[in-house]
file data.txt (compact mmCIF, C-alpha atoms)
# COMPACT_ATOMS: atom_id res chain seq x y z
CA MET A 1 0.00 0.00 0.00
CA PRO A 2 1.37 3.45 -0.89
CA SER A 3 1.94 5.62 2.17
CA THR A 4 1.96 9.06 0.53
CA VAL A 5 0.08 10.89 -2.18
CA HIS A 6 3.33 11.15 -4.15
CA GLU A 7 3.67 7.35 -4.28
CA VAL A 8 0.05 7.03 -5.40
CA ILE A 9 0.71 9.41 -8.30
CA ILE A 10 3.84 7.45 -9.31
CA GLU A 11 2.01 4.09 -9.23
CA THR A 12 -0.91 5.53 -11.20
CA SER A 13 1.39 6.94 -13.89
CA GLN A 14 3.29 3.62 -14.16
CA GLU A 15 0.02 1.71 -14.56
CA ALA A 16 -1.09 4.15 -17.25
CA MET A 17 2.19 3.68 -19.13
CA THR A 18 1.86 -0.10 -18.88
CA SER A 19 -1.76 -0.15 -20.00
CA SER A 20 -1.01 2.18 -22.93
CA LYS A 21 1.19 -0.45 -24.54
CA ARG A 22 -0.90 -2.33 -27.06
CA VAL A 23 -0.43 -6.09 -27.18
CA ASP A 24 -2.03 -7.82 -30.17
CA TRP A 25 -3.89 -11.06 -29.51
CA THR A 26 -2.41 -14.17 -31.05
CA PRO A 27 -4.25 -15.79 -33.99
CA ARG A 28 -5.07 -18.74 -31.74
CA LYS A 29 -6.71 -16.48 -29.15
CA ARG A 30 -8.68 -14.68 -31.84
CA CYS A 31 -9.96 -17.95 -33.28
CA ASN A 32 -10.91 -19.08 -29.78
CA ILE A 33 -12.97 -15.91 -29.25
CA ILE A 34 -14.83 -16.44 -32.54
CA VAL A 35 -15.60 -20.06 -31.66
CA LEU A 36 -16.93 -19.02 -28.22
CA ARG A 37 -19.06 -16.27 -29.74
CA GLU A 38 -20.57 -18.62 -32.32
CA SER A 39 -21.40 -21.06 -29.52
CA GLY A 40 -23.67 -18.39 -27.99
CA LEU A 41 -21.56 -16.90 -25.17
CA SER A 42 -21.88 -13.23 -24.29
CA TYR A 43 -19.01 -10.73 -24.57
CA ALA A 44 -18.57 -10.74 -20.79
CA GLU A 45 -18.49 -14.54 -20.59
CA ILE A 46 -15.94 -14.71 -23.41
CA ALA A 47 -13.71 -12.12 -21.74
CA ARG A 48 -13.91 -13.95 -18.43
CA GLN A 49 -13.21 -17.36 -19.99
CA VAL A 50 -10.29 -16.24 -22.18
CA GLY A 51 -8.76 -14.13 -19.39
CA GLY A 52 -5.47 -12.32 -19.55
CA SER A 53 -5.61 -8.82 -21.04
CA VAL A 54 -8.89 -9.50 -22.86
CA THR A 55 -11.61 -7.00 -21.96
CA ILE A 56 -15.33 -6.99 -22.66
CA SER A 57 -15.10 -3.97 -24.96
CA GLY A 58 -12.17 -5.55 -26.77
CA VAL A 59 -14.13 -8.74 -27.39
CA ARG A 60 -17.10 -6.72 -28.64
CA LYS A 61 -15.01 -4.66 -31.09
CA PHE A 62 -13.21 -7.72 -32.37
CA CYS A 63 -16.42 -9.68 -32.95
CA LEU A 64 -18.08 -6.76 -34.76
CA ARG A 65 -15.01 -6.32 -36.98
CA TYR A 66 -15.03 -10.03 -37.76
CA GLU A 67 -18.69 -9.85 -38.79
CA GLU A 68 -17.82 -6.93 -41.07
CA THR A 69 -14.62 -8.22 -42.68
CA ASN A 70 -14.89 -12.00 -42.13
CA SER A 71 -11.21 -11.93 -41.13
CA ILE A 72 -9.33 -12.15 -37.83
CA LYS A 73 -6.58 -9.82 -39.08
CA ASN A 74 -6.31 -6.19 -38.06
CA LYS A 75 -7.54 -3.53 -40.43
CA GLU A 76 -4.81 -1.80 -42.35
CA GLY A 77 -4.23 1.62 -40.86
CA LYS A 78 -4.19 4.73 -42.99
CA GLY A 79 -0.80 5.68 -41.57
CA ARG A 80 0.80 9.07 -41.52
CA LYS A 81 -0.06 11.44 -44.34
CA ARG A 82 2.63 11.53 -47.05
CA CYS A 83 4.73 14.66 -46.94
CA THR A 84 5.25 14.60 -50.72
CA THR A 85 2.75 14.71 -53.53
CA SER A 86 2.91 12.65 -56.72
CA ILE A 87 4.36 15.71 -58.47
CA ASP A 88 7.11 15.92 -55.84
CA ASP A 89 7.85 12.22 -56.25
CA ARG A 90 8.25 12.62 -60.02
CA ARG A 91 10.50 15.63 -59.48
CA ILE A 92 12.72 13.61 -57.11
CA LYS A 93 12.98 10.82 -59.66
CA ARG A 94 13.74 13.27 -62.48
CA LEU A 95 16.51 14.99 -60.49
CA CYS A 96 18.11 11.62 -59.74
CA LEU A 97 18.01 10.46 -63.37
CA GLN A 98 19.51 13.75 -64.55
CA ASP A 99 22.55 13.10 -62.33
CA ARG A 100 22.88 9.53 -61.03
CA LYS A 101 25.66 10.57 -58.63
CA MET A 102 23.58 13.34 -57.03
CA SER A 103 23.24 12.81 -53.27
CA SER A 104 19.93 12.88 -51.41
CA ALA A 105 21.13 16.00 -49.57
CA ALA A 106 21.68 17.78 -52.89
CA ILE A 107 18.23 16.74 -54.11
CA ARG A 108 16.75 18.01 -50.84
CA SER A 109 18.49 21.35 -51.36
CA ASP A 110 16.99 21.68 -54.86
CA LEU A 111 13.54 20.83 -53.54
CA ASN A 112 13.86 23.35 -50.72
CA ASP A 113 14.69 26.03 -53.29
CA ALA A 114 11.45 25.08 -55.06
CA GLY A 115 9.49 25.43 -51.82
CA VAL A 116 9.23 21.70 -50.98
CA SER A 117 10.41 20.83 -47.47
CA VAL A 118 11.43 17.16 -47.23
CA SER A 119 14.15 15.18 -45.45
CA SER A 120 17.01 13.30 -47.10
CA ARG A 121 15.67 10.05 -45.66
CA THR A 122 12.29 10.60 -47.31
CA ILE A 123 14.04 11.26 -50.63
CA ARG A 124 15.92 7.95 -50.34
CA ARG A 125 12.65 6.15 -49.60
CA ARG A 126 10.95 7.70 -52.63
CA LEU A 127 13.84 6.70 -54.87
CA THR A 128 13.79 3.17 -53.47
CA ASP A 129 10.07 2.96 -54.23
CA VAL A 130 10.83 3.50 -57.95
CA GLY A 131 13.77 1.07 -57.96
CA LEU A 132 16.59 3.63 -57.70
CA ARG A 133 18.72 2.24 -54.87
CA GLY A 134 22.05 3.65 -53.75
CA ARG A 135 24.93 1.43 -54.85
CA ILE A 136 28.73 1.70 -55.13
CA PRO A 137 29.56 2.41 -58.81
CA ARG A 138 31.68 -0.13 -60.63
CA LYS A 139 35.11 1.06 -61.77
CA LYS A 140 35.50 0.78 -65.54
CA PRO A 141 37.92 2.24 -68.11
CA TYR A 142 36.96 5.70 -69.33
CA LEU A 143 35.61 5.66 -72.88
CA HIS A 144 35.34 8.88 -74.87
CA PHE A 145 32.97 9.28 -77.81
CA GLN A 146 35.36 8.00 -80.49
CA GLN A 147 36.24 4.91 -78.46
CA ARG A 148 32.57 4.09 -77.91
CA LYS A 149 31.95 4.59 -81.63
CA LYS A 150 34.78 2.21 -82.57
CA ARG A 151 33.58 -0.41 -80.06
CA LEU A 152 30.09 -0.24 -81.48
CA GLN A 153 31.36 -0.50 -85.05
CA TRP A 154 33.64 -3.44 -84.16
CA ALA A 155 30.79 -5.31 -82.47
CA LYS A 156 28.51 -4.84 -85.48
CA GLU A 157 31.25 -6.08 -87.85
CA HIS A 158 31.94 -9.24 -85.81
CA ILE A 159 28.53 -10.15 -84.37
CA ASN A 160 27.85 -12.64 -87.17
CA TRP A 161 31.15 -14.48 -86.81
CA THR A 162 30.71 -18.21 -86.26
CA ASP A 163 32.28 -20.25 -83.47
CA ASP A 164 34.72 -21.69 -86.03
CA GLN A 165 35.92 -18.19 -86.90
CA TRP A 166 36.37 -17.25 -83.23
CA SER A 167 38.23 -20.53 -82.68
CA GLN A 168 40.93 -19.31 -85.06
CA VAL A 169 41.78 -16.36 -82.80
CA ILE A 170 44.73 -16.36 -80.38
CA TRP A 171 43.78 -14.08 -77.49
CA SER A 172 46.57 -12.33 -75.59
CA ASP A 173 46.84 -9.91 -72.69
CA GLU A 174 48.93 -8.77 -69.72
CA THR A 175 47.82 -8.66 -66.11
CA LYS A 176 49.25 -7.84 -62.68
CA ILE A 177 49.03 -10.16 -59.67
CA SER A 178 49.81 -8.67 -56.27
CA LEU A 179 51.09 -10.36 -53.15
CA PHE A 180 49.41 -7.83 -50.83
CA GLY A 181 46.26 -5.88 -51.41
CA SER A 182 43.23 -7.01 -53.32
CA ASP A 183 43.10 -8.33 -56.87
CA GLY A 184 39.32 -8.42 -56.40
CA ARG A 185 36.63 -7.68 -53.86
CA LYS A 186 36.97 -9.60 -50.60
CA TYR A 187 34.55 -10.04 -47.70
CA VAL A 188 35.01 -10.79 -44.01
CA ARG A 189 32.52 -12.13 -41.46
CA ARG A 190 32.50 -10.04 -38.28
CA ARG A 191 30.28 -9.09 -35.36
CA ILE A 192 29.34 -5.58 -34.28
CA GLY A 193 32.36 -3.84 -32.77
CA GLU A 194 34.93 -6.10 -34.51
CA GLU A 195 35.82 -3.64 -37.31
CA LEU A 196 39.44 -3.39 -36.09
CA HIS A 197 39.89 -7.02 -35.02
CA PRO A 198 43.19 -8.34 -36.51
CA ASP A 199 41.32 -11.12 -38.31
CA CYS A 200 38.82 -8.66 -39.80
CA ILE A 201 41.10 -6.10 -41.48
CA GLN A 202 42.79 -6.12 -44.89
CA ALA A 203 46.50 -5.38 -44.59
CA THR A 204 47.92 -2.91 -47.12
CA VAL A 205 51.43 -1.74 -47.97
CA LYS A 206 52.63 1.34 -49.84
CA ASN A 207 54.55 -0.57 -52.51
CA PRO A 208 53.05 -4.08 -52.72
CA VAL A 209 55.03 -6.92 -54.24
CA SER A 210 53.47 -7.63 -57.63
CA VAL A 211 54.24 -9.50 -60.84
CA MET A 212 53.23 -8.54 -64.38
CA ILE A 213 52.64 -11.49 -66.70
CA TRP A 214 51.74 -12.11 -70.35
CA SER A 215 50.11 -15.11 -71.94
CA CYS A 216 47.71 -16.17 -74.67
CA MET A 217 44.98 -18.72 -75.31
CA SER A 218 42.64 -20.05 -77.96
CA ALA A 219 39.62 -22.32 -77.99
CA ASP A 220 41.96 -25.34 -78.08
CA GLY A 221 44.26 -24.51 -75.17
CA ILE A 222 46.43 -22.03 -73.31
CA GLY A 223 49.76 -20.65 -74.53
CA ARG A 224 53.15 -20.03 -72.95
CA LEU A 225 53.37 -17.76 -69.91
CA HIS A 226 55.95 -14.99 -69.51
CA VAL A 227 56.81 -13.03 -66.36
CA ILE A 228 57.58 -9.45 -67.39
CA ASP A 229 60.61 -7.90 -65.74
CA GLY A 230 60.49 -4.11 -65.59
CA THR A 231 58.89 -1.82 -68.15
CA LEU A 232 57.75 -3.39 -71.39
CA ASN A 233 58.69 -1.47 -74.55
CA ALA A 234 58.40 -2.53 -78.20
CA ARG A 235 61.91 -4.01 -78.47
CA LYS A 236 61.46 -5.96 -75.24
CA TYR A 237 58.00 -7.08 -76.37
CA ILE A 238 59.53 -8.67 -79.46
CA ASP A 239 62.62 -10.16 -77.84
CA THR A 240 61.06 -11.57 -74.65
CA ILE A 241 57.46 -12.33 -75.64
CA LEU A 242 56.76 -12.56 -79.36
CA GLU A 243 59.86 -14.55 -80.38
CA PRO A 244 60.29 -16.97 -77.42
CA LYS A 245 56.66 -17.25 -76.25
CA LEU A 246 54.16 -16.41 -78.98
CA LEU A 247 55.78 -18.40 -81.83
CA PRO A 248 55.97 -21.65 -79.80
CA SER A 249 52.40 -21.09 -78.63
CA ILE A 250 51.27 -20.75 -82.24
CA ARG A 251 52.95 -24.07 -83.12
CA ASP A 252 51.26 -25.73 -80.13
CA LEU A 253 47.77 -24.33 -80.69
CA PHE A 254 47.73 -24.32 -84.52
CA PRO A 255 49.97 -27.14 -85.79
CA ASN A 256 50.53 -27.98 -89.45
CA ASN A 257 50.45 -24.30 -90.45
CA ALA A 258 46.76 -23.95 -89.66
CA SER A 259 45.36 -20.47 -90.23
CA PHE A 260 44.88 -18.17 -87.22
CA ILE A 261 44.46 -14.52 -86.21
CA PHE A 262 46.37 -12.88 -83.38
CA GLN A 263 44.60 -10.51 -81.00
CA GLN A 264 46.31 -7.86 -78.89
CA ASP A 265 45.16 -4.60 -77.36
CA SER A 266 46.28 -1.09 -78.32
CA ALA A 267 49.16 -0.75 -75.83
CA PRO A 268 52.02 1.43 -77.19
CA CYS A 269 54.47 -1.48 -77.33
CA HIS A 270 51.94 -3.47 -79.38
CA THR A 271 51.27 -0.76 -81.95
CA ALA A 272 54.83 0.51 -82.36
CA LYS A 273 56.33 0.51 -85.88
CA ILE A 274 58.88 -2.22 -85.13
CA SER A 275 56.14 -4.42 -83.64
CA LYS A 276 53.96 -4.00 -86.74
CA GLU A 277 56.98 -4.75 -88.94
CA TRP A 278 57.70 -7.92 -86.98
CA PHE A 279 54.14 -9.19 -87.49
CA ARG A 280 54.38 -8.33 -91.21
CA THR A 281 57.63 -10.22 -91.70
CA LYS A 282 56.24 -13.25 -89.83
CA SER A 283 53.03 -13.11 -91.90
CA ILE A 284 50.88 -13.00 -88.76
CA LYS A 285 47.43 -11.57 -89.36
CA LEU A 286 46.19 -9.23 -86.61
CA LEU A 287 42.62 -8.88 -85.40
CA SER A 288 41.46 -5.27 -85.38
CA TRP A 289 40.76 -4.23 -81.82
CA PRO A 290 38.96 -1.23 -80.25
CA GLY A 291 40.79 0.57 -77.46
CA ASN A 292 39.90 0.18 -73.77
CA SER A 293 37.84 -2.98 -74.36
CA PRO A 294 38.81 -5.56 -71.74
CA ASP A 295 35.19 -6.72 -71.56
CA LEU A 296 35.51 -8.09 -75.11
CA ASN A 297 38.59 -10.23 -74.39
CA PRO A 298 37.70 -13.73 -73.08
CA ILE A 299 41.19 -14.21 -71.60
CA LYS A 300 40.13 -11.84 -68.79
CA ASN A 301 38.06 -14.69 -67.35
CA SER A 302 41.19 -16.86 -67.25
CA TRP A 303 43.06 -14.12 -65.36
CA HIS A 304 40.33 -14.09 -62.71
CA ARG A 305 40.60 -17.84 -62.28
CA LEU A 306 44.39 -17.66 -62.13
CA LYS A 307 44.35 -15.05 -59.36
CA THR A 308 41.94 -17.20 -57.36
CA LEU A 309 44.23 -20.25 -57.66
CA VAL A 310 47.28 -18.19 -56.68
CA ARG A 311 45.57 -16.86 -53.54
CA VAL A 312 44.76 -20.43 -52.48
CA ARG A 313 48.50 -21.24 -52.47
CA ARG A 314 49.20 -18.31 -50.08
CA PRO A 315 52.61 -17.17 -51.41
CA SER A 316 54.62 -15.11 -48.91
CA ASN A 317 57.30 -13.54 -51.17
CA LYS A 318 57.91 -12.72 -54.83
CA ARG A 319 59.64 -16.02 -55.63
CA GLU A 320 56.75 -18.03 -54.20
CA LEU A 321 54.31 -15.75 -56.03
CA ILE A 322 55.97 -16.46 -59.40
CA GLU A 323 56.08 -20.20 -58.70
CA ALA A 324 52.38 -20.17 -57.75
CA ILE A 325 51.51 -18.31 -60.97
CA ILE A 326 53.44 -20.73 -63.21
CA VAL A 327 52.02 -23.85 -61.57
CA SER A 328 48.45 -22.50 -61.44
CA TRP A 329 48.43 -21.36 -65.08
CA HIS A 330 48.60 -24.95 -66.35
CA HIS A 331 45.50 -25.87 -64.31
CA VAL A 332 43.51 -22.69 -64.77
CA ILE A 333 40.92 -23.94 -67.27
CA THR A 334 39.88 -27.03 -69.27
CA LYS A 335 39.52 -27.27 -73.04
CA GLU A 336 35.75 -27.62 -72.74
CA GLU A 337 35.60 -24.43 -70.69
CA LEU A 338 37.83 -22.64 -73.20
CA LYS A 339 35.46 -23.50 -76.05
CA THR A 340 32.51 -22.21 -74.01
CA LEU A 341 34.43 -19.05 -73.19
CA VAL A 342 35.33 -18.33 -76.81
CA SER A 343 31.79 -19.05 -77.97
CA SER A 344 30.62 -16.21 -75.71
CA MET A 345 31.97 -13.64 -78.19
CA LYS A 346 28.61 -13.32 -79.93
CA ARG A 347 26.96 -12.44 -76.61
CA ARG A 348 29.75 -9.95 -75.85
CA CYS A 349 29.15 -8.21 -79.19
CA GLU A 350 25.41 -8.13 -78.56
CA ALA A 351 26.02 -6.58 -75.13
CA VAL A 352 28.22 -3.82 -76.61
CA ILE A 353 25.57 -3.02 -79.22
CA LYS A 354 22.82 -3.01 -76.61
CA ASN A 355 24.85 -0.68 -74.37
CA LYS A 356 25.74 1.61 -77.31
CA GLY A 357 29.48 1.12 -76.95
CA HIS A 358 29.65 1.66 -73.19
CA PRO A 359 31.29 -0.95 -70.86
CA THR A 360 29.30 -4.15 -70.48
CA LYS A 361 30.97 -5.88 -67.51
call {"tool": "encode", "arguments": {"input": "data.txt", "output": "C-alpha cells"}}
result
Amino acid sequence: MPSTVHEVIIETSQEAMTSSKRVDWTPRKRCNIIVLRESGLSYAEIARQVGGSVTISGVRKFCLRYEETNSIKNKEGKGRKRCTTSIDDRRIKRLCLQDRKMSSAAIRSDLNDAGVSVSSRTIRRRLTDVGLRGRIPRKKPYLHFQQRKKRLQWAKEHINWTDDQWSQVIWSDETKISLFGSDGRKYVRRRIGEELHPDCIQATVKNPVSVMIWSCMSADGIGRLHVIDGTLNARKYIDTILEPKLLPSIRDLFPNNASFIFQQDSAPCHTAKISKEWFRTKSIKLLSWPGNSPDLNPIKNSWHRLKTLVRVRRPSNKRELIEAIIVSWHHVITKEELKTLVSSMKRRCEAVIKNKGHPTK
C-alpha cells in the first residue's frame, strides 16, 4: 500500500504507461474468441473465460469487426499522411536520373529552393520505391565518344562471326598479380564492434610486391606464360614475348600451319612501328581491336581464375608468387571451358551493341 500521495501518483502513472502499450492477440486467441461467440456466449463470458488482457469492450469490437470483414486480421491503418505529392515524387525521380551521382542531400536542397520541405531520408525512400537504390559504382575504363563509336562499329562487324571463326583467334593480354592488397573484392565475417579485429582487417602496404605477366589462349588450349621484368617497350615485347613465347604457342595451338588470327590490345608497345613490322615479316594476321575494351577479351576470365588459384597457395614472397603463378596457369581452365568461353563472343558483341558502346561488364 502506498503511504503518501506522491507514491500514489507514481504508481498511477506507471500503470497508465503499462496499460497504454498495445499487445495484439495471437491468432489462436482470436480464433478461440470467434468459436466461443458462435457457440452463444456473451461478450462478458468470453472475456472472463479467455482471461489475460482480454476486456469486454475488446471482445465486442473484435467480434463486430469479424462480422464486417470476415477476417481475424487487423484492419490496415491509414498511416501518416505523405509529406510529398505525386508531383514531388516525379521531381525527385527526375533529379536523380539527370545526375545519377547526385546525393539525397543535394536533391533536398533543390527541392527546398522550389518550396518543398522534405528530409534526405524521405528522398531515399521515394527513390527506393521506384527502384533507384544507392549502390557503389563499378570502376571501368573511361571511354570517350570516339572509343565508344569504334567499339560499337567493331561489335557490329563481328557479331555474325561463327564459333569456327572465333576458334581461329589467339587471345593475348597482360595482367598484374599482387602479393598484398586485393586483386578483387573480398569479404570478411564479423560481429558488431569487430571492425578493427586483426582477423577482420585487410592489410595494405605502400609498394606491394606484384608481378606482371603475359600469356595467350585459344579455344583449343592455353599458350606459354611470360613473367615481365620491368617496363615493357616494343623491343622488349619482341625479344622476350613474341619470339620466345608467342611463336611456340602458335605451333602448339595451330599445328601444321593452320590459319589463325592474333589478338592484342592497343598498348604502345603493341602498336609501335617495329612491332607492326615484326608481325608483317612473320606473316601473322592481326585482329582489329577497339581501345579500352577488356570486356571483349575472353582471356580476362582466365586471369580471374588464375588469381583465385594463386591466392589459395598463399605465397609469402615474390619467388613463391611467381612459382604459384606458373604452376596455377597450367590448371587454370579445361579445353571444354575454353570453347565455351570463346563461344561467348557473340553475346559480348550483342552486349556492346545493346549498351551503345559503353562498358558491359
call {"tool": "closest_residue", "arguments": {"input": "data.txt", "among": "A:Leu225, A:Met212, A:Ile34, A:Ile123", "to": "A:Asn70", "atoms": "only C-alpha atoms"}}
result
A:Ile34
call {"tool": "closest_residue", "arguments": {"input": "data.txt", "among": "A:Val54, A:Leu242, A:Val169, A:Leu286", "to": "A:Arg30", "atoms": "all atoms listed in the file"}}
result
A:Val54
call {"tool": "atom_distance", "arguments": {"input": "data.txt", "atom1": "atom CA of A:Val342", "atom2": "atom CA of A:Arg138"}}
result
24.6 Å
call {"tool": "residues_around", "arguments": {"input": "data.txt", "residues": "A:Arg100", "least_positions_apart": "6", "cutoff": "12 Å", "atoms": "only C-alpha atoms", "output": "list in words"}}
result
Ile92, Lys93, Arg94, Ala106, Ile107, Leu127, Leu132, Arg133, Gly134, Arg135, Ile136 and Pro137 of chain A
call {"tool": "atom_distance", "arguments": {"input": "data.txt", "atom1": "atom CA of A:Gly115", "atom2": "atom CA of A:Arg82"}}
result
16.2 Å
call {"tool": "atom_distance", "arguments": {"input": "data.txt", "atom1": "atom CA of A:Ala47", "atom2": "atom CA of A:Lys61"}}
result
12.0 Å
call {"tool": "closest_residue", "arguments": {"input": "data.txt", "among": "A:Ser117, A:Ser316, A:Ser343, A:Gln263", "to": "A:Phe279", "atoms": "all atoms listed in the file"}}
result
A:Gln263
call {"tool": "residues_around", "arguments": {"input": "data.txt", "residues": "A:Gly291", "least_positions_apart": "3", "cutoff": "9 Å", "atoms": "all atoms listed in the file", "output": "PyMOL selection string"}}
result
chain A and resi 143+147-148+150-151+265-267+294
call {"tool": "residues_near_point", "arguments": {"input": "data.txt", "point": "(-12.5, -8.0, -27.3)", "cutoff": "10 Å", "atoms": "all atoms listed in the file", "output": "list in words"}}
result
Trp25, Arg30, Ile33, Tyr43, Ala44, Ile46, Ala47, Val50, Ser53, Val54, Thr55, Ile56, Ser57, Gly58, Val59, Arg60, Lys61, Phe62, Cys63 and Leu64 of chain A
call {"tool": "closest_residue", "arguments": {"input": "data.txt", "among": "A:Arg65, A:Lys73, A:His330, A:Lys186", "to": "A:Lys29", "atoms": "all atoms listed in the file"}}
result
A:Lys73
call {"tool": "residues_around", "arguments": {"input": "data.txt", "residues": "A:Asp199", "least_positions_apart": "2", "cutoff": "12 Å", "atoms": "all atoms listed in the file", "output": "list of chain:residue names"}}
result
A:Tyr187, A:Val188, A:Arg189, A:Arg190, A:Arg191, A:Glu194, A:Glu195, A:Leu196, A:His197, A:Ile201, A:Gln202, A:Ala203
